Amino acid sequence: MRRVVSLFLPNLAIERLRRLERPAARPPERPALQLPVDDDPGACSVPRNGGWRPGARWARQGADPRADVEAQIAALPSHAKPPMRELGRRSEPASNPYKAIHGVSTAEASRFHIETTSEAPLALVGKVGRREEVVAACLGAQALGIRPGMAATHARALVSDLDFRPAEPEADAALLDRLALLAVRRWSPTAAVTPNDGLWIDLTGCEHLHGGEERFCRRLRQFCRRAGLTARVAVADTPGAAHALARYGRDDLIRVESGRTADALAPLPIAALRLSATAQAAARKFGFERIADLLPVARGPLARRLGLPAIERLDQALGAVAEPITPREDAEVPFVERRLLEPIGTAEAIEQVMGDLLGDLAQVLQERGLGARSLRLTGLRVDGGEQVVAIGTSRPTREVSHLLRLLKLRIDRIDPGMGLEQFWLVAPHTEPLDAVDLGAVLAGDTMVRDPSRLVDVIAGRIGPSAVFRIAPVESHVPERAIAQVDPNEQPGEWPGWQRPIRLFARPEPLFNVLALLPDQPPRRFEWRGKRYTIVGGDGPERVHGEWWRRDAETWAIRDYYRVEDEEGGRYWVFRRGDGFQDNTGDLSWWIHGVFG
């Protein structure tokens, strides 16, 4: 099932100027003028003619004089209430008359003033058609009544001291392009820029590499937050649905389950379908306000009213029509492409195209002095679907015959459908590959063979995790004395200790053990439900714990024995503890390996 992430950056232009550029130096703040305060202004009497003054002596007496004064003023008739000039200046802020016009409340303006007092309001002006318009505005500018789409002259007349700057769409596009390139290199091989304000990231087949969709989306938002960008993220089955939910959804992080796309799109407005202005005007004319209003309408009458492009957008959002994402190409990644005159669908034809692509890619790698460690072949079907197969190599190589042999193992995983009409081959992981010195080999001085080809073929059949080489590690504890390394690496020298052929990853307990303490091997034990009678044994080989790893191993001791039962089976068993000190072990018996 296809899963697409849409990243929406609503304030990209504003935040690019504020976060990604060096902030301008601010002038030093002037110190506040400290006026002397007289705590005892002296006795104050009631003014003449029965008037009232806030500083009167009788007004300051009592536990809460202000409440008493307000109650007394409220009890007076209208003609006897004191005038405003005698009450003094009011403490409530006067509302901006322009805020009511543009629908911004005083509470919103005050909230913005508290949250962004360190940044001045900013608006970007650009040329749209024949006039200059506001193309972006921060929250502070919007709280003052500035809106995108407003004429620049109107905005300057509305707020004369607002910070107006010219818009730079080229710089915004360059930033989005860099983000798309980063997405291709770090998150998904298929990532593209959505016009002007976001990205598409196709997570199909690679979400497990990031811990799942939800964790990836949280990490993506945290990355944008660290970069100083406000982000909204949505995950859906189609690019159109993810695009709509990221811009018109209620939450900043929306994840739609597979098969629930129509239910998620239903409450969104018509504009979420990326319709043209003409189609949106026609939709309003016929009473279509939400996407739910379009779903029950037949496609024929709906196409006559809104046009065929609107129907295509709706079908793309619902998944009825394929909407491929053209990924951002990484210029540093070797890339070759082949377009066919006619679609192909047989294994022989696909093998021929693979050989041609590998020949072209080998030339590109040779010019750059690189060798491929991984290849990804993508085939585009006639119906718009994509078939992707990938291979990996244990060492960098650009040998066409070897790479073709690995790709041929993946032909059975390609579903051509009605036919494949386009192929492209990418080498996402490359390493430097210089010339190989064959003088010693040709002279017969060495006969070292390179197992990388055999390793690649076996790994292509059973998986790369199933092919490895065992190498020694400097540790006395048996389970820590070996490690799995790359099969092409030459292991170091093994110590002279006798170890079983089959060493268990974890020791298994033995039951009903009969042995003489402190140094005798066991004479009888039960393992995996079967009783074993021992006829011979050798040991002990004492192994101490590694005290630098944890405290429990400071005094830990294991005594290992090589024993043989009456049927000829040879086993490697050990006892915890030395038989004298209680802190060395609990005297339990375990089996750690089998010799034959």
# chains A, B, ... in the order shown; residues from 1 in each chain; ligands from 1
call {"tool": "residues_around", "arguments": {"residues": "Ser276 (chain A)", "least_positions_apart": "5", "cutoff": "9 Å", "atoms": "only C-alpha atoms", "output": "PyMOL selection string"}}
result
chain A and resi 271+281+309-310
call {"tool": "write_last_selection", "arguments": {"atoms": "N, CA, C and O atoms", "output": "PDB file, in the first residue's frame"}}
result
ATOM      1  N   ALA A 271     -11.480  23.966  -1.935  1.00  0.00           N
ATOM      2  CA  ALA A 271     -10.157  24.473  -2.309  1.00  0.00           C
ATOM      3  C   ALA A 271      -9.043  23.486  -1.998  1.00  0.00           C
ATOM      4  O   ALA A 271      -7.940  23.615  -2.538  1.00  0.00           O
ATOM      5  N   ALA A 281     -15.003  28.998  -8.334  1.00  0.00           N
ATOM      6  CA  ALA A 281     -16.155  29.899  -8.491  1.00  0.00           C
ATOM      7  C   ALA A 281     -17.381  29.132  -8.970  1.00  0.00           C
ATOM      8  O   ALA A 281     -18.507  29.376  -8.500  1.00  0.00           O
ATOM      9  N   PRO A 309     -10.551  18.892 -15.435  1.00  0.00           N
ATOM     10  CA  PRO A 309      -9.432  18.947 -14.471  1.00  0.00           C
ATOM     11  C   PRO A 309      -9.867  18.798 -13.019  1.00  0.00           C
ATOM     12  O   PRO A 309      -9.151  18.190 -12.210  1.00  0.00           O
ATOM     13  N   ALA A 310     -11.026  19.326 -12.668  1.00  0.00           N
ATOM     14  CA  ALA A 310     -11.510  19.191 -11.293  1.00  0.00           C
ATOM     15  C   ALA A 310     -11.837  17.738 -10.975  1.00  0.00           C
ATOM     16  O   ALA A 310     -11.557  17.242  -9.867  1.00  0.00           O
TER      17      ALA A 310
END
call {"tool": "residues_around", "arguments": {"residues": "Val426 (chain A)", "least_positions_apart": "3", "cutoff": "8 Å", "atoms": "only C-alpha atoms", "output": "number ranges by chain"}}
result
A: 333-336, 375-377
call {"tool": "closest_atom_pairs", "arguments": {"of": "region 406-500 of chain A", "to": "region 536-543 of chain A", "cutoff": "10 Å", "atoms": "only C-alpha atoms", "output": "tab-separated table"}}
result
residue	atom	partner	partner_atom	distance
A:His476	CA	A:Val543	CA	6.6
A:Val477	CA	A:Val543	CA	6.8
A:Pro478	CA	A:Val543	CA	8.9
A:Trp497	CA	A:Glu541	CA	9.9
call {"tool": "residues_around", "arguments": {"residues": "region 453-464 of chain A", "least_positions_apart": "6", "cutoff": "12 Å", "atoms": "only C-alpha atoms", "output": "count of residues only"}}
result
27
call {"tool": "atom_distance", "arguments": {"atom1": "CA of Phe574 (chain A)", "atom2": "CA of Arg469 (chain A)"}}
result
26.7 Å
call {"tool": "closest_atom_pairs", "arguments": {"of": "region 267-371 of chain A", "to": "region 190-208 of chain A", "cutoff": "7 Å", "atoms": "only C-alpha atoms", "output": "tab-separated table"}}
result
residue	atom	partner	partner_atom	distance
A:Ile325	CA	A:Ala192	CA	6.8
A:Thr326	CA	A:Ala192	CA	6.4
A:Pro327	CA	A:Thr190	CA	4.8
A:Arg328	CA	A:Ala192	CA	5.2
call {"tool": "write_last_selection", "arguments": {"atoms": "all heavy atoms", "output": "tab-separated table (two decimals), in the first residue's frame"}}
result
chain	number	residue	atom	x	y	z
A	325	ILE	N	4.81	10.80	-8.40
A	325	ILE	CA	5.65	11.86	-7.85
A	325	ILE	C	6.99	11.81	-8.58
A	325	ILE	O	7.69	10.79	-8.54
A	325	ILE	CB	5.86	11.69	-6.34
A	325	ILE	CG1	4.52	11.78	-5.61
A	325	ILE	CG2	6.82	12.74	-5.80
A	325	ILE	CD1	4.63	11.53	-4.12
A	326	THR	N	7.34	12.87	-9.25
A	326	THR	CA	8.63	12.95	-9.93
A	326	THR	C	9.69	13.32	-8.90
A	326	THR	O	9.70	14.44	-8.40
A	326	THR	CB	8.60	13.98	-11.06
A	326	THR	OG1	7.55	13.66	-11.97
A	326	THR	CG2	9.93	14.01	-11.78
A	327	PRO	N	10.57	12.38	-8.53
A	327	PRO	CA	11.50	12.66	-7.43
A	327	PRO	C	12.53	13.69	-7.81
A	327	PRO	O	12.87	13.88	-8.98
A	327	PRO	CB	12.13	11.30	-7.15
A	327	PRO	CG	12.02	10.56	-8.44
A	327	PRO	CD	10.75	11.04	-9.09
A	328	ARG	N	13.02	14.34	-6.81
A	328	ARG	CA	14.10	15.31	-7.00
A	328	ARG	C	15.38	14.52	-7.27
A	328	ARG	O	15.78	13.66	-6.50
A	328	ARG	CB	14.26	16.16	-5.74
A	328	ARG	CG	14.97	17.49	-5.94
A	328	ARG	CD	16.45	17.37	-5.98
A	328	ARG	NE	17.12	18.66	-5.99
A	328	ARG	CZ	18.39	18.82	-6.27
A	328	ARG	NH1	19.13	17.77	-6.60
A	328	ARG	NH2	18.93	20.02	-6.21
call {"tool": "closest_residue", "arguments": {"among": "A:Leu302, A:Leu318, A:Gln422, A:Arg368", "to": "Ile344 (chain A)", "atoms": "only C-alpha atoms"}}
result
A:Gln422
call {"tool": "atom_distance", "arguments": {"atom1": "CA of Arg576 (chain A)", "atom2": "CA of Tyr560 (chain A)"}}
result
9.1 Å
call {"tool": "atom_distance", "arguments": {"atom1": "CA of Asn512 (chain A)", "atom2": "CA of Glu526 (chain A)"}}
result
6.0 Å
call {"tool": "residues_around", "arguments": {"residues": "Leu275 (chain A)", "least_positions_apart": "4", "cutoff": "12 Å", "atoms": "only C-alpha atoms", "output": "ChimeraX atom specification"}}
result
/A:240,244,269-271,279-283,291,306-314,317
call {"tool": "closest_residue", "arguments": {"among": "A:Val134, A:Leu433, A:Ala292, A:Ala231", "to": "His154 (chain A)", "atoms": "only C-alpha atoms"}}
result
A:Val134
call {"tool": "residues_around", "arguments": {"residues": "region 345-358 of chain A", "least_positions_apart": "6", "cutoff": "6 Å", "atoms": "only C-alpha atoms", "output": "ChimeraX atom specification"}}
result
/A:400,416,419
call {"tool": "closest_residue", "arguments": {"among": "A:Thr533, A:Thr278, A:Gln316, A:Gln520", "to": "Asp578 (chain A)", "atoms": "only C-alpha atoms"}}
result
A:Gln520
call {"tool": "residues_around", "arguments": {"residues": "Gln484 (chain A)", "least_positions_apart": "2", "cutoff": "7 Å", "atoms": "only C-alpha atoms", "output": "PyMOL selection string"}}
result
chain A and resi 468-471
call {"tool": "write_last_selection", "arguments": {"atoms": "N, CA, C and O atoms", "output": "mmCIF file, in the first residue's frame"}}
result
data_model
loop_
_atom_site.group_PDB
_atom_site.id
_atom_site.type_symbol
_atom_site.label_atom_id
_atom_site.label_comp_id
_atom_site.auth_asym_id
_atom_site.auth_seq_id
_atom_site.Cartn_x
_atom_site.Cartn_y
_atom_site.Cartn_z
ATOM 1 N N PHE A 468 27.954 -14.084 6.876
ATOM 2 C CA PHE A 468 28.895 -13.372 7.738
ATOM 3 C C PHE A 468 30.081 -14.282 8.020
ATOM 4 O O PHE A 468 30.078 -15.476 7.706
ATOM 5 N N ARG A 469 31.095 -13.732 8.639
ATOM 6 C CA ARG A 469 32.283 -14.468 9.039
ATOM 7 C C ARG A 469 32.486 -14.281 10.545
ATOM 8 O O ARG A 469 32.211 -13.209 11.085
ATOM 9 N N ILE A 470 32.976 -15.338 11.212
ATOM 10 C CA ILE A 470 33.232 -15.279 12.643
ATOM 11 C C ILE A 470 34.671 -14.820 12.864
ATOM 12 O O ILE A 470 35.613 -15.369 12.277
ATOM 13 N N ALA A 471 34.824 -13.812 13.724
ATOM 14 C CA ALA A 471 36.142 -13.269 14.032
ATOM 15 C C ALA A 471 36.354 -13.295 15.537
ATOM 16 O O ALA A 471 35.408 -13.138 16.312
#
call {"tool": "select_by_dssp", "arguments": {"residues": "region 244-456 of chain A", "states": "helix (DSSP H, G or I)", "output": "ChimeraX atom specification"}}
result
/A:244-248,261-265,270-273,277-285,291-293,299-306,308-318,347-368,400-408,411-413,439-442,452-456
call {"tool": "residues_around", "arguments": {"residues": "Leu124 (chain A)", "least_positions_apart": "5", "cutoff": "12 Å", "atoms": "only C-alpha atoms", "output": "VMD selection string"}}
result
chain A and resid 11 to 17 132 to 138 141 to 142 146 to 152 155 to 156 162 to 169
call {"tool": "write_last_selection", "arguments": {"atoms": "N, CA and C atoms", "output": "compact mmCIF listing (two decimals), in the first residue's frame"}}
result
# COMPACT_ATOMS: atom_id res chain seq x y z
N ASN A 11 4.61 29.40 6.66
CA ASN A 11 5.28 30.69 6.79
C ASN A 11 6.73 30.60 6.31
N LEU A 12 6.93 29.91 5.18
CA LEU A 12 8.28 29.66 4.71
C LEU A 12 9.03 30.95 4.41
N ALA A 13 8.41 31.88 3.67
CA ALA A 13 9.10 33.10 3.26
C ALA A 13 9.48 33.95 4.46
N ILE A 14 8.55 34.10 5.41
CA ILE A 14 8.83 34.92 6.59
C ILE A 14 9.90 34.26 7.45
N GLU A 15 9.78 32.97 7.71
CA GLU A 15 10.73 32.30 8.59
C GLU A 15 12.09 32.13 7.95
N ARG A 16 12.14 32.10 6.63
CA ARG A 16 13.45 32.06 5.98
C ARG A 16 14.23 33.33 6.27
N LEU A 17 13.57 34.47 6.22
CA LEU A 17 14.25 35.73 6.50
C LEU A 17 14.65 35.84 7.96
N GLU A 132 1.20 45.57 -7.02
CA GLU A 132 1.95 45.00 -5.91
C GLU A 132 0.99 44.57 -4.81
N GLU A 133 1.18 43.35 -4.34
CA GLU A 133 0.32 42.80 -3.31
C GLU A 133 1.17 42.24 -2.17
N VAL A 134 0.53 42.08 -1.03
CA VAL A 134 1.15 41.41 0.11
C VAL A 134 1.07 39.89 -0.14
N VAL A 135 2.21 39.24 -0.26
CA VAL A 135 2.25 37.82 -0.56
C VAL A 135 2.43 36.98 0.70
N ALA A 136 2.92 37.57 1.78
CA ALA A 136 3.10 36.84 3.03
C ALA A 136 3.12 37.84 4.17
N ALA A 137 2.59 37.42 5.30
CA ALA A 137 2.54 38.28 6.49
C ALA A 137 2.67 37.40 7.73
N CYS A 138 3.46 37.87 8.69
CA CYS A 138 3.62 37.13 9.93
C CYS A 138 2.38 37.30 10.80
N ALA A 141 1.78 40.96 11.83
CA ALA A 141 1.19 41.78 10.77
C ALA A 141 -0.28 41.42 10.56
N GLN A 142 -0.61 40.14 10.66
CA GLN A 142 -2.01 39.75 10.52
C GLN A 142 -2.86 40.27 11.67
N ILE A 146 -3.15 43.12 8.34
CA ILE A 146 -2.50 42.87 7.05
C ILE A 146 -2.78 41.43 6.63
N ARG A 147 -3.23 41.25 5.40
CA ARG A 147 -3.56 39.93 4.90
C ARG A 147 -2.90 39.69 3.55
N PRO A 148 -2.45 38.44 3.26
CA PRO A 148 -1.95 38.14 1.92
C PRO A 148 -3.03 38.39 0.87
N GLY A 149 -2.64 38.99 -0.24
CA GLY A 149 -3.56 39.38 -1.29
C GLY A 149 -4.00 40.82 -1.21
N MET A 150 -3.72 41.51 -0.13
CA MET A 150 -4.08 42.92 0.03
C MET A 150 -3.13 43.78 -0.81
N ALA A 151 -3.65 44.83 -1.37
CA ALA A 151 -2.83 45.75 -2.15
C ALA A 151 -1.76 46.36 -1.25
N ALA A 152 -0.56 46.52 -1.80
CA ALA A 152 0.54 47.04 -1.00
C ALA A 152 0.28 48.46 -0.55
N ALA A 155 -2.00 48.33 2.42
CA ALA A 155 -1.31 47.86 3.61
C ALA A 155 -0.42 48.95 4.21
N ARG A 156 0.28 49.71 3.36
CA ARG A 156 1.14 50.78 3.88
C ARG A 156 0.32 51.90 4.49
N LEU A 162 5.03 49.56 9.52
CA LEU A 162 5.26 48.12 9.43
C LEU A 162 6.49 47.84 8.57
N ASP A 163 7.20 46.77 8.90
CA ASP A 163 8.41 46.38 8.16
C ASP A 163 8.00 45.65 6.89
N PHE A 164 8.01 46.38 5.76
CA PHE A 164 7.69 45.80 4.45
C PHE A 164 8.99 45.48 3.73
N ARG A 165 9.07 44.26 3.19
CA ARG A 165 10.25 43.84 2.44
C ARG A 165 9.80 43.20 1.13
N PRO A 166 10.64 43.27 0.11
CA PRO A 166 10.27 42.64 -1.16
C PRO A 166 10.36 41.11 -1.05
N ALA A 167 9.42 40.44 -1.66
CA ALA A 167 9.42 38.97 -1.65
C ALA A 167 10.52 38.43 -2.56
N GLU A 168 11.06 37.26 -2.19
CA GLU A 168 12.11 36.62 -2.97
C GLU A 168 11.69 35.19 -3.29
N PRO A 169 10.83 35.01 -4.28
CA PRO A 169 10.37 33.64 -4.58
C PRO A 169 11.49 32.72 -5.03
call {"tool": "select_by_dssp", "arguments": {"residues": "region 157-233 of chain A", "states": "strand (DSSP E)", "output": "PDB file with all heavy atoms, in the first residue's frame"}}
result
ATOM      1  N   ASP A 163       7.200  46.772   8.901  1.00  0.00           N
ATOM      2  CA  ASP A 163       8.406  46.382   8.164  1.00  0.00           C
ATOM      3  C   ASP A 163       7.995  45.654   6.887  1.00  0.00           C
ATOM      4  O   ASP A 163       7.660  44.472   6.896  1.00  0.00           O
ATOM      5  CB  ASP A 163       9.281  45.485   9.034  1.00  0.00           C
ATOM      6  CG  ASP A 163      10.624  45.185   8.370  1.00  0.00           C
ATOM      7  OD1 ASP A 163      10.899  45.765   7.305  1.00  0.00           O
ATOM      8  OD2 ASP A 163      11.387  44.364   8.908  1.00  0.00           O
ATOM      9  N   PHE A 164       8.015  46.378   5.758  1.00  0.00           N
ATOM     10  CA  PHE A 164       7.685  45.804   4.453  1.00  0.00           C
ATOM     11  C   PHE A 164       8.988  45.483   3.726  1.00  0.00           C
ATOM     12  O   PHE A 164       9.881  46.338   3.626  1.00  0.00           O
ATOM     13  CB  PHE A 164       6.854  46.782   3.614  1.00  0.00           C
ATOM     14  CG  PHE A 164       5.442  46.940   4.092  1.00  0.00           C
ATOM     15  CD1 PHE A 164       5.092  47.999   4.916  1.00  0.00           C
ATOM     16  CD2 PHE A 164       4.467  46.041   3.733  1.00  0.00           C
ATOM     17  CE1 PHE A 164       3.801  48.151   5.358  1.00  0.00           C
ATOM     18  CE2 PHE A 164       3.174  46.174   4.183  1.00  0.00           C
ATOM     19  CZ  PHE A 164       2.837  47.238   4.996  1.00  0.00           C
ATOM     20  N   ARG A 165       9.068  44.262   3.188  1.00  0.00           N
ATOM     21  CA  ARG A 165      10.252  43.840   2.437  1.00  0.00           C
ATOM     22  C   ARG A 165       9.801  43.204   1.132  1.00  0.00           C
ATOM     23  O   ARG A 165       8.728  42.612   1.060  1.00  0.00           O
ATOM     24  CB  ARG A 165      11.090  42.835   3.226  1.00  0.00           C
ATOM     25  CG  ARG A 165      11.614  43.374   4.546  1.00  0.00           C
ATOM     26  CD  ARG A 165      12.554  42.376   5.178  1.00  0.00           C
ATOM     27  NE  ARG A 165      12.928  42.747   6.537  1.00  0.00           N
ATOM     28  CZ  ARG A 165      13.754  42.034   7.300  1.00  0.00           C
ATOM     29  NH1 ARG A 165      14.295  40.916   6.823  1.00  0.00           N
ATOM     30  NH2 ARG A 165      14.043  42.441   8.524  1.00  0.00           N
ATOM     31  N   PRO A 166      10.642  43.275   0.111  1.00  0.00           N
ATOM     32  CA  PRO A 166      10.275  42.635  -1.163  1.00  0.00           C
ATOM     33  C   PRO A 166      10.362  41.114  -1.053  1.00  0.00           C
ATOM     34  O   PRO A 166      11.265  40.560  -0.409  1.00  0.00           O
ATOM     35  CB  PRO A 166      11.308  43.194  -2.151  1.00  0.00           C
ATOM     36  CG  PRO A 166      12.469  43.592  -1.294  1.00  0.00           C
ATOM     37  CD  PRO A 166      11.896  44.047   0.009  1.00  0.00           C
ATOM     38  N   ALA A 191      11.165  11.944  -3.260  1.00  0.00           N
ATOM     39  CA  ALA A 191      10.745  13.177  -2.591  1.00  0.00           C
ATOM     40  C   ALA A 191      10.755  14.290  -3.623  1.00  0.00           C
ATOM     41  O   ALA A 191      11.646  14.364  -4.473  1.00  0.00           O
ATOM     42  CB  ALA A 191      11.649  13.519  -1.417  1.00  0.00           C
ATOM     43  N   ALA A 192       9.749  15.159  -3.566  1.00  0.00           N
ATOM     44  CA  ALA A 192       9.613  16.235  -4.538  1.00  0.00           C
ATOM     45  C   ALA A 192       9.017  17.458  -3.858  1.00  0.00           C
ATOM     46  O   ALA A 192       8.417  17.376  -2.784  1.00  0.00           O
ATOM     47  CB  ALA A 192       8.729  15.801  -5.717  1.00  0.00           C
ATOM     48  N   VAL A 193       9.192  18.591  -4.514  1.00  0.00           N
ATOM     49  CA  VAL A 193       8.692  19.869  -3.997  1.00  0.00           C
ATOM     50  C   VAL A 193       7.257  20.057  -4.456  1.00  0.00           C
ATOM     51  O   VAL A 193       6.943  19.892  -5.639  1.00  0.00           O
ATOM     52  CB  VAL A 193       9.572  21.030  -4.491  1.00  0.00           C
ATOM     53  CG1 VAL A 193       8.988  22.368  -4.055  1.00  0.00           C
ATOM     54  CG2 VAL A 193      10.988  20.875  -3.978  1.00  0.00           C
ATOM     55  N   THR A 194       6.369  20.368  -3.515  1.00  0.00           N
ATOM     56  CA  THR A 194       5.040  20.837  -3.881  1.00  0.00           C
ATOM     57  C   THR A 194       5.122  22.343  -4.068  1.00  0.00           C
ATOM     58  O   THR A 194       5.789  23.019  -3.273  1.00  0.00           O
ATOM     59  CB  THR A 194       4.017  20.496  -2.786  1.00  0.00           C
ATOM     60  OG1 THR A 194       4.469  21.026  -1.537  1.00  0.00           O
ATOM     61  CG2 THR A 194       3.873  18.996  -2.655  1.00  0.00           C
ATOM     62  N   GLY A 198       5.894  23.430   0.252  1.00  0.00           N
ATOM     63  CA  GLY A 198       6.013  22.162   0.955  1.00  0.00           C
ATOM     64  C   GLY A 198       6.714  21.089   0.149  1.00  0.00           C
ATOM     65  O   GLY A 198       7.290  21.342  -0.918  1.00  0.00           O
ATOM     66  N   LEU A 199       6.653  19.853   0.696  1.00  0.00           N
ATOM     67  CA  LEU A 199       7.303  18.701   0.095  1.00  0.00           C
ATOM     68  C   LEU A 199       6.349  17.522   0.080  1.00  0.00           C
ATOM     69  O   LEU A 199       5.430  17.426   0.902  1.00  0.00           O
ATOM     70  CB  LEU A 199       8.557  18.294   0.876  1.00  0.00           C
ATOM     71  CG  LEU A 199       9.714  19.285   1.001  1.00  0.00           C
ATOM     72  CD1 LEU A 199      10.806  18.671   1.860  1.00  0.00           C
ATOM     73  CD2 LEU A 199      10.255  19.663  -0.351  1.00  0.00           C
ATOM     74  N   TRP A 200       6.595  16.624  -0.861  1.00  0.00           N
ATOM     75  CA  TRP A 200       6.007  15.297  -0.879  1.00  0.00           C
ATOM     76  C   TRP A 200       7.109  14.291  -0.607  1.00  0.00           C
ATOM     77  O   TRP A 200       8.172  14.339  -1.233  1.00  0.00           O
ATOM     78  CB  TRP A 200       5.372  14.975  -2.228  1.00  0.00           C
ATOM     79  CG  TRP A 200       3.939  15.360  -2.335  1.00  0.00           C
ATOM     80  CD1 TRP A 200       3.002  15.314  -1.360  1.00  0.00           C
ATOM     81  CD2 TRP A 200       3.270  15.848  -3.509  1.00  0.00           C
ATOM     82  NE1 TRP A 200       1.795  15.749  -1.839  1.00  0.00           N
ATOM     83  CE2 TRP A 200       1.933  16.078  -3.151  1.00  0.00           C
ATOM     84  CE3 TRP A 200       3.678  16.119  -4.796  1.00  0.00           C
ATOM     85  CZ2 TRP A 200       0.996  16.558  -4.057  1.00  0.00           C
ATOM     86  CZ3 TRP A 200       2.759  16.591  -5.707  1.00  0.00           C
ATOM     87  CH2 TRP A 200       1.421  16.814  -5.333  1.00  0.00           C
ATOM     88  N   ILE A 201       6.880  13.362   0.316  1.00  0.00           N
ATOM     89  CA  ILE A 201       7.844  12.321   0.644  1.00  0.00           C
ATOM     90  C   ILE A 201       7.114  10.988   0.578  1.00  0.00           C
ATOM     91  O   ILE A 201       6.162  10.758   1.330  1.00  0.00           O
ATOM     92  CB  ILE A 201       8.453  12.536   2.047  1.00  0.00           C
ATOM     93  CG1 ILE A 201       9.102  13.915   2.144  1.00  0.00           C
ATOM     94  CG2 ILE A 201       9.470  11.449   2.352  1.00  0.00           C
ATOM     95  CD1 ILE A 201       9.603  14.248   3.534  1.00  0.00           C
ATOM     96  N   ASP A 202       7.542  10.127  -0.326  1.00  0.00           N
ATOM     97  CA  ASP A 202       6.922   8.806  -0.484  1.00  0.00           C
ATOM     98  C   ASP A 202       7.622   7.826   0.457  1.00  0.00           C
ATOM     99  O   ASP A 202       8.797   7.492   0.277  1.00  0.00           O
ATOM    100  CB  ASP A 202       7.052   8.343  -1.934  1.00  0.00           C
ATOM    101  CG  ASP A 202       6.156   7.144  -2.228  1.00  0.00           C
ATOM    102  OD1 ASP A 202       5.672   6.528  -1.265  1.00  0.00           O
ATOM    103  OD2 ASP A 202       5.945   6.824  -3.412  1.00  0.00           O
ATOM    104  N   ARG A 232       3.412  21.564   9.183  1.00  0.00           N
ATOM    105  CA  ARG A 232       2.225  20.723   9.325  1.00  0.00           C
ATOM    106  C   ARG A 232       2.447  19.490   8.461  1.00  0.00           C
ATOM    107  O   ARG A 232       2.854  19.612   7.304  1.00  0.00           O
ATOM    108  CB  ARG A 232       0.961  21.463   8.888  1.00  0.00           C
ATOM    109  CG  ARG A 232       0.563  22.613   9.813  1.00  0.00           C
ATOM    110  CD  ARG A 232      -0.553  23.450   9.184  1.00  0.00           C
ATOM    111  NE  ARG A 232      -1.701  22.644   8.842  1.00  0.00           N
ATOM    112  CZ  ARG A 232      -2.728  22.386   9.665  1.00  0.00           C
ATOM    113  NH1 ARG A 232      -2.713  22.882  10.884  1.00  0.00           N
ATOM    114  NH2 ARG A 232      -3.740  21.647   9.282  1.00  0.00           N
ATOM    115  N   VAL A 233       2.161  18.311   9.018  1.00  0.00           N
ATOM    116  CA  VAL A 233       2.475  17.046   8.353  1.00  0.00           C
ATOM    117  C   VAL A 233       1.216  16.205   8.277  1.00  0.00           C
ATOM    118  O   VAL A 233       0.428  16.156   9.231  1.00  0.00           O
ATOM    119  CB  VAL A 233       3.582  16.288   9.113  1.00  0.00           C
ATOM    120  CG1 VAL A 233       3.927  14.986   8.390  1.00  0.00           C
ATOM    121  CG2 VAL A 233       4.823  17.150   9.258  1.00  0.00           C
TER     122      VAL A 233
END
